[in-house]
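Written out below as structure tokens is the structure these notes cover.
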Amino acid sequence: MENICYHREPVESLCEHLKSRRTGLGTDEAARRLDEHGPNELKAKKKKTPVMMFLDQFKDFMILILLGAAVVAGVIGELTDTLIIIAIVIANAVIGFIQEFRAEKAIEALKQMAAPMAAVLRDGSVRSMASRDIVPGDVVLLEAGAIVPADMRLIESAQMRVDEAALTGESVPVEKSVGELCDADISIGDRVNMVYKGTIVTYGRGTGIVVGTGMETELGKIASMLQDEDEVRTPLQKRLAVFGKNLAIAILVICAVVFVIGLLRGERPLLMLLTAISLAVAAIPEALPAVITISLALGAKKMVKKNALIRKLPAVETLGSVTYICSDKTGTLTYNRMTVEELYAQGDIIRSTDEKARALSDLMRGVALNNDSREGTDGAFIGDPTEVALYTVARDNGYERERIETEHPRVGEIPFDSDRKCMTTIHSMPDGGFVSYTKGAPDVLIERALKMWVNGREEPLKKEGILAVNEDMAKRGLRVLCVAMRTWKTLPGECSIDTMENDLTILGLVGMMDPPRDEAKEAVDLCRTAGIRPVMITGDHPVTAAAIAKRIGILDESSDGVMTGKELAALGDDVFASRVEHIQAYARVAPEQKLKIVKALQEKHQFVAMTGDGVNDAPALKRADIGVAMGVTGTDVSKEAAHMILLDDNFSTIVQAVREGRKIYDNIRKFIRYLLATNTGEIMTIFFAQVLGFPIPLLPIHILWVNLVTDSLPALALSVEPAEDDVMRRPPRNPRESIFSGGLGIQTIWVGALMAFLVLSVQYVSMTVCDGEWQTMVFTVLCFTQLANALAIRSDRKSLFKQGLMSNKALLGAVVLSILMQLAVVYVGPLNTVFRTQPLTLGELAACVGISSIVFFAVEAEKLVRRARVRRPAGNSKG
């Protein structure tokens, strides 16, 4: 179909363009169009089969290296090593498969939003039919409670309001009308003569002509964006990919050098080939993927207790890299609940919670009686959100409608009408006579009023003054309603609009809004303290967005204000790219613009968290480095597209999750440092033993024991290390920084070199002094040096003596267990046979412990130097 602005077209012109009429299509023509346009349903791209999803998990470079190591280990006869590596790889693949399989449910959730049945005019009569059979040009009847089955231009509207929050972020049902609109670039939320697939009619009724079905609807466009958007890789995934490639290159180079040196020494080629291959297997940190996965899973479990449900495991670590949180307003920073904030009466602006509000009896009575909402049996309110807010403020100030109605029963009403923008109810009074209450748009009612109610009596109305108050309240983001009354001794013969809604007396103004959450401002402040920039992105009105953003601290007085979707669309990509890092709030944005904002920040190398609860948020949630959906108010679509779900819909929960994410990344770096130092020590030990002409110091089973037992237990325990004191007082880490930044790579090398030096020194001396137990001493020293290192690297700067051994009981237990297991290998007879070890004398064991402790004190000395470097600039500045 042609790309025309349906909201600008007169109804008759639109019918002509669609080759339809107000009485609907004929059956034959509808069948032809169904063949042409296809069913009115969302289409998913060809999905990967579960088998392909599972196989894709093996594409990661680190996984390929591990598989290569498993093959090599099998070739040289180390079947146990092969089986363990394969088990680790399969476990990781299963976890990845489950995450991807669940993510594919996003499109299915979108499909569930489609209306199953619809009332359609065919051949001039109303028929109930499946919404999938609706075609462009069909005329559809809508009533309260109906899900809109397709995108439609309205041709009739009787007081119809539609809840479009899931699509646009608008927190209040939108009042619909029929007339054409002038602006071609008007946002979806302002197209009041259109209704969209998946939205809900909350009040009134209407008729529309279908202009878009299936993937041609706004909901379909969101489905297309969800399918087209690939999820970005997490910082850890990127770093591990680079690390894996560098590790592979380093291993190949080292193995080649060992092989060549052996040949130059006259060793047999086959022997040197097996030695080089054994070294390659030893260099692979087999436990690393498993330890990372377990660490992320433990973090995810802990986050659930803090109301953050992790759907995709890598998101646990990604939180620590976040530099921007792009937050939806409605339901995320606010309660998604209209609330009366201010009242204007008796010449004063009064907070709705102020004691003075109770004294406004006439205004409160009018608010309570001119109201069709009610409280259900389950305590939930039923009715229009605006009327629910009015009902609540009256009830909270002691004016329960049910009680007041017994004294002032309703005897008539004039329903709300979008043309006159007001509603009137008529009530009898206890002492005889009648009173009518009218509520509606302030500008309309003020023009129809003559007087103002002040201190229990009528006074002449000062229109300029009350209009100025109305304008001031509206500028502060409040939705303002006026409440007026008129008394009658006897009702007129005809209760017409002209009779009942003129010569009114203004009781006051009521200002309401969807208020910010109590904890939102504190959460925004915490974000700034942690170096994270919060940005509001909403489909709501700019004035409302600015008011909320200022109240919670996202915008301050020096800010440029709010950028609208229309202004964003007018900007060129280069201009927007230059400004995107300085814009703090957006309003009236379309779903594709939310996606554009996220992408623009990512192109600036920012790591973006996007929060939201509506269908309109889903593409941006999927594209963001971490998408955060609301668990209570969020749609199924947003939850399926997100990486994390807030179970309490509390923005501040994100900040706690960021803290946990930073701690987890710090701990991942700690056990990577531990594992790589271990492997570096093993590689250097075997490499320099060859260079120095020593016998091979470690047997393959010794290497396997170290890699899978002595390595893994302390590494797992390091993953639950408590957070550093400054974890939320430092800026987010640079997403582009290497995993070896901050001296990790250098420390890995020198600690590994120290381990190798100590082990080779023990080998040299013990071969001279001892008989056959020199290899057992070498094996034991290697294990104990690693355990000493594990205790020392718990913090980059703080000494273990200040931290205390009991502050990480898991690590203490892992070290003790590892020591006991190593002693069992040395002293238990059957294990001596398996591991080819010999019992050590007490003196030899003491020597092993003493020599191994050198690593602990060396690392503690390095931390002492780091602390001194941090203190020195402070000391110099004082002088």
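Just remember, in the structure tokens the first chain shown is A, the second B, etc., residues are 1-based per chain, and ligands are 1-based in the order shown.
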Check your understanding: Leaving out Asp123 (chain A) and any residue of its chain fewer than 5 positions from it, which residues lie within 7 Å of it when counting only C-alpha atoms, given as a ChimeraX atom specification?
Key -> /A:24-27
Determine which residues of region 103-347 of chain A receive a DSSP assignment of strand (DSSP E), computed from the backbone, and state them as a tab-separated table (two decimals) with N, CA and C atoms, in the first residue's frame.
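So the final result, stored in out-v7.tsv, reads:
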```
chain	number	residue	atom	x	y	z
A	117	MET	N	-10.91	-12.15	18.43
A	117	MET	CA	-12.13	-11.94	17.65
A	117	MET	C	-12.40	-10.45	17.54
A	118	ALA	N	-13.13	-10.07	16.49
A	118	ALA	CA	-13.46	-8.66	16.29
A	118	ALA	C	-14.82	-8.56	15.62
A	119	ALA	N	-15.51	-7.42	15.86
A	119	ALA	CA	-16.81	-7.15	15.22
A	119	ALA	C	-16.54	-6.35	13.95
A	120	VAL	N	-16.84	-6.94	12.80
A	120	VAL	CA	-16.49	-6.36	11.50
A	120	VAL	C	-17.75	-6.21	10.65
A	121	LEU	N	-17.84	-5.08	9.93
A	121	LEU	CA	-18.94	-4.88	8.99
A	121	LEU	C	-18.60	-5.54	7.66
A	122	ARG	N	-19.36	-6.54	7.27
A	122	ARG	CA	-19.19	-7.20	5.97
A	122	ARG	C	-20.56	-7.25	5.28
A	125	SER	N	-23.55	-5.76	7.23
A	125	SER	CA	-24.02	-6.28	8.53
A	125	SER	C	-22.82	-6.62	9.42
A	126	VAL	N	-23.05	-6.61	10.74
A	126	VAL	CA	-21.97	-6.86	11.70
A	126	VAL	C	-21.74	-8.36	11.84
A	127	ARG	N	-20.48	-8.75	11.73
A	127	ARG	CA	-20.11	-10.16	11.90
A	127	ARG	C	-18.97	-10.26	12.90
A	128	SER	N	-19.01	-11.29	13.74
A	128	SER	CA	-17.90	-11.57	14.65
A	128	SER	C	-16.97	-12.56	13.95
A	129	MET	N	-15.71	-12.15	13.79
A	129	MET	CA	-14.77	-13.02	13.06
A	129	MET	C	-13.39	-12.93	13.68
A	130	ALA	N	-12.58	-13.91	13.34
A	130	ALA	CA	-11.20	-13.95	13.83
A	130	ALA	C	-10.44	-12.74	13.33
A	139	VAL	N	-14.21	-2.33	7.93
A	139	VAL	CA	-14.73	-1.42	8.94
A	139	VAL	C	-15.00	-2.23	10.21
A	140	VAL	N	-14.37	-1.80	11.33
A	140	VAL	CA	-14.42	-2.56	12.58
A	140	VAL	C	-15.09	-1.73	13.66
A	141	LEU	N	-15.96	-2.38	14.43
A	141	LEU	CA	-16.65	-1.72	15.54
A	141	LEU	C	-15.89	-1.99	16.84
A	142	LEU	N	-15.70	-0.94	17.63
A	142	LEU	CA	-14.96	-1.04	18.89
A	142	LEU	C	-15.83	-0.60	20.05
A	143	GLU	N	-15.65	-1.24	21.21
A	143	GLU	CA	-16.36	-0.84	22.42
A	143	GLU	C	-15.43	-1.03	23.61
A	151	ASP	N	-4.39	-1.58	12.89
A	151	ASP	CA	-4.25	-0.13	12.86
A	151	ASP	C	-5.42	0.45	12.08
A	152	MET	N	-6.10	1.42	12.67
A	152	MET	CA	-7.31	1.94	12.05
A	152	MET	C	-7.39	3.46	12.16
A	153	ARG	N	-8.02	4.05	11.14
A	153	ARG	CA	-8.42	5.47	11.19
A	153	ARG	C	-9.88	5.51	11.63
A	154	LEU	N	-10.16	6.30	12.66
A	154	LEU	CA	-11.52	6.36	13.19
A	154	LEU	C	-12.45	7.13	12.25
A	155	ILE	N	-13.65	6.59	12.05
A	155	ILE	CA	-14.67	7.29	11.28
A	155	ILE	C	-15.86	7.66	12.16
A	156	GLU	N	-15.93	7.06	13.36
A	156	GLU	CA	-16.91	7.44	14.37
A	156	GLU	C	-16.27	7.28	15.75
A	157	SER	N	-16.61	8.18	16.67
A	157	SER	CA	-16.10	8.06	18.04
A	157	SER	C	-17.11	8.66	18.99
A	158	ALA	N	-17.58	7.85	19.93
A	158	ALA	CA	-18.52	8.30	20.95
A	158	ALA	C	-17.84	8.21	22.31
A	159	GLN	N	-17.21	9.33	22.71
A	159	GLN	CA	-16.53	9.43	24.01
A	159	GLN	C	-15.51	8.30	24.21
A	160	MET	N	-14.86	7.92	23.15
A	160	MET	CA	-13.95	6.76	23.22
A	160	MET	C	-12.57	7.18	23.73
A	161	ARG	N	-12.06	6.37	24.66
A	161	ARG	CA	-10.70	6.55	25.16
A	161	ARG	C	-9.97	5.23	25.04
A	162	VAL	N	-8.69	5.33	24.69
A	162	VAL	CA	-7.90	4.12	24.43
A	162	VAL	C	-6.61	4.16	25.25
A	163	ASP	N	-6.33	3.06	25.93
A	163	ASP	CA	-5.08	2.91	26.70
A	163	ASP	C	-3.97	2.52	25.74
A	174	VAL	N	-6.06	7.83	26.07
A	174	VAL	CA	-6.13	8.94	25.13
A	174	VAL	C	-7.55	9.09	24.62
A	175	GLU	N	-8.02	10.32	24.67
A	175	GLU	CA	-9.35	10.63	24.16
A	175	GLU	C	-9.29	10.69	22.64
A	194	MET	N	-6.52	8.04	15.28
A	194	MET	CA	-6.04	6.71	14.93
A	194	MET	C	-6.08	5.81	16.16
A	195	VAL	N	-6.30	4.52	15.94
A	195	VAL	CA	-6.11	3.52	16.99
A	195	VAL	C	-5.21	2.42	16.44
A	200	ILE	N	-5.93	-0.94	23.97
A	200	ILE	CA	-7.18	-1.37	24.60
A	200	ILE	C	-8.15	-0.20	24.75
A	201	VAL	N	-9.39	-0.40	24.31
A	201	VAL	CA	-10.44	0.61	24.49
A	201	VAL	C	-10.91	0.55	25.95
A	202	THR	N	-10.80	1.69	26.65
A	202	THR	CA	-11.17	1.70	28.07
A	202	THR	C	-12.53	2.33	28.33
A	203	TYR	N	-13.02	3.11	27.36
A	203	TYR	CA	-14.28	3.83	27.59
A	203	TYR	C	-14.91	4.18	26.25
A	204	GLY	N	-16.24	4.21	26.22
A	204	GLY	CA	-16.94	4.63	25.02
A	204	GLY	C	-16.93	3.58	23.92
A	205	ARG	N	-17.21	4.05	22.72
A	205	ARG	CA	-17.24	3.15	21.57
A	205	ARG	C	-16.81	3.92	20.33
A	206	GLY	N	-16.55	3.20	19.25
A	206	GLY	CA	-16.14	3.85	18.02
A	206	GLY	C	-16.14	2.88	16.86
A	207	THR	N	-15.91	3.44	15.68
A	207	THR	CA	-15.82	2.64	14.46
A	207	THR	C	-14.60	3.12	13.68
A	208	GLY	N	-13.86	2.18	13.12
A	208	GLY	CA	-12.66	2.56	12.38
A	208	GLY	C	-12.52	1.79	11.09
A	209	ILE	N	-11.80	2.37	10.14
A	209	ILE	CA	-11.51	1.69	8.89
A	209	ILE	C	-10.05	1.24	8.92
A	210	VAL	N	-9.81	-0.02	8.62
A	210	VAL	CA	-8.48	-0.62	8.77
A	210	VAL	C	-7.53	-0.08	7.71
A	211	VAL	N	-6.37	0.41	8.15
A	211	VAL	CA	-5.36	0.94	7.23
A	211	VAL	C	-4.08	0.10	7.24
A	212	GLY	N	-3.94	-0.79	8.22
A	212	GLY	CA	-2.74	-1.62	8.28
A	212	GLY	C	-3.01	-2.90	9.05
A	308	ALA	N	16.04	-8.50	41.62
A	308	ALA	CA	16.51	-8.38	40.25
A	308	ALA	C	16.68	-9.79	39.67
A	309	LEU	N	15.77	-10.14	38.76
A	309	LEU	CA	15.79	-11.47	38.15
A	309	LEU	C	16.61	-11.42	36.86
A	310	ILE	N	17.70	-12.18	36.81
A	310	ILE	CA	18.56	-12.20	35.64
A	310	ILE	C	18.07	-13.27	34.66
A	324	TYR	N	25.51	4.51	31.03
A	324	TYR	CA	24.25	5.24	30.86
A	324	TYR	C	23.08	4.32	31.23
A	325	ILE	N	22.11	4.85	31.97
A	325	ILE	CA	20.84	4.15	32.17
A	325	ILE	C	19.76	4.99	31.49
A	326	CYS	N	19.24	4.48	30.37
A	326	CYS	CA	18.17	5.14	29.64
A	326	CYS	C	16.85	4.58	30.16
A	327	SER	N	16.14	5.40	30.90
A	327	SER	CA	14.96	4.90	31.60
A	327	SER	C	13.67	5.42	30.99
A	339	THR	N	-2.37	10.64	40.22
A	339	THR	CA	-2.57	11.04	41.61
A	339	THR	C	-2.79	12.54	41.67
A	340	VAL	N	-3.76	12.97	42.45
A	340	VAL	CA	-3.97	14.41	42.64
A	340	VAL	C	-2.86	14.95	43.53
A	341	GLU	N	-2.16	15.97	43.02
A	341	GLU	CA	-1.04	16.55	43.76
A	341	GLU	C	-1.40	17.88	44.40
A	342	GLU	N	-2.14	18.72	43.65
A	342	GLU	CA	-2.45	20.07	44.13
A	342	GLU	C	-3.92	20.41	43.91
A	343	LEU	N	-4.42	21.27	44.77
A	343	LEU	CA	-5.78	21.80	44.65
A	343	LEU	C	-5.70	23.32	44.69
A	344	TYR	N	-6.46	23.98	43.84
A	344	TYR	CA	-6.55	25.45	43.93
A	344	TYR	C	-7.97	25.81	44.31
A	345	ALA	N	-8.11	26.41	45.48
A	345	ALA	CA	-9.42	26.81	45.97
A	345	ALA	C	-9.23	27.89	47.02
```
Exercise for review: Just the residues within 12 Å of Leu369 (chain A), please, counting only C-alpha atoms, with nothing from its chain fewer than 4 positions along; format it as an MDAnalysis selection string.
Suggested key: chainID A and resid 361:365 373:374 387 390:391 394:395 399:413 423:428 435:439 483:485
Point to revise | Neighbour list for Val816 (chain A) as a PyMOL selection string, cut-off 12 Å, only C-alpha atoms, skip fewer than 6 positions in-chain | key: chain A and resi 710+713-714+717+784+787-788+790-791+805+809-810+822-823
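Pairwise distance (CA of Leu509 (chain A), CA of Ile186 (chain A)) equals 29.7 Å.
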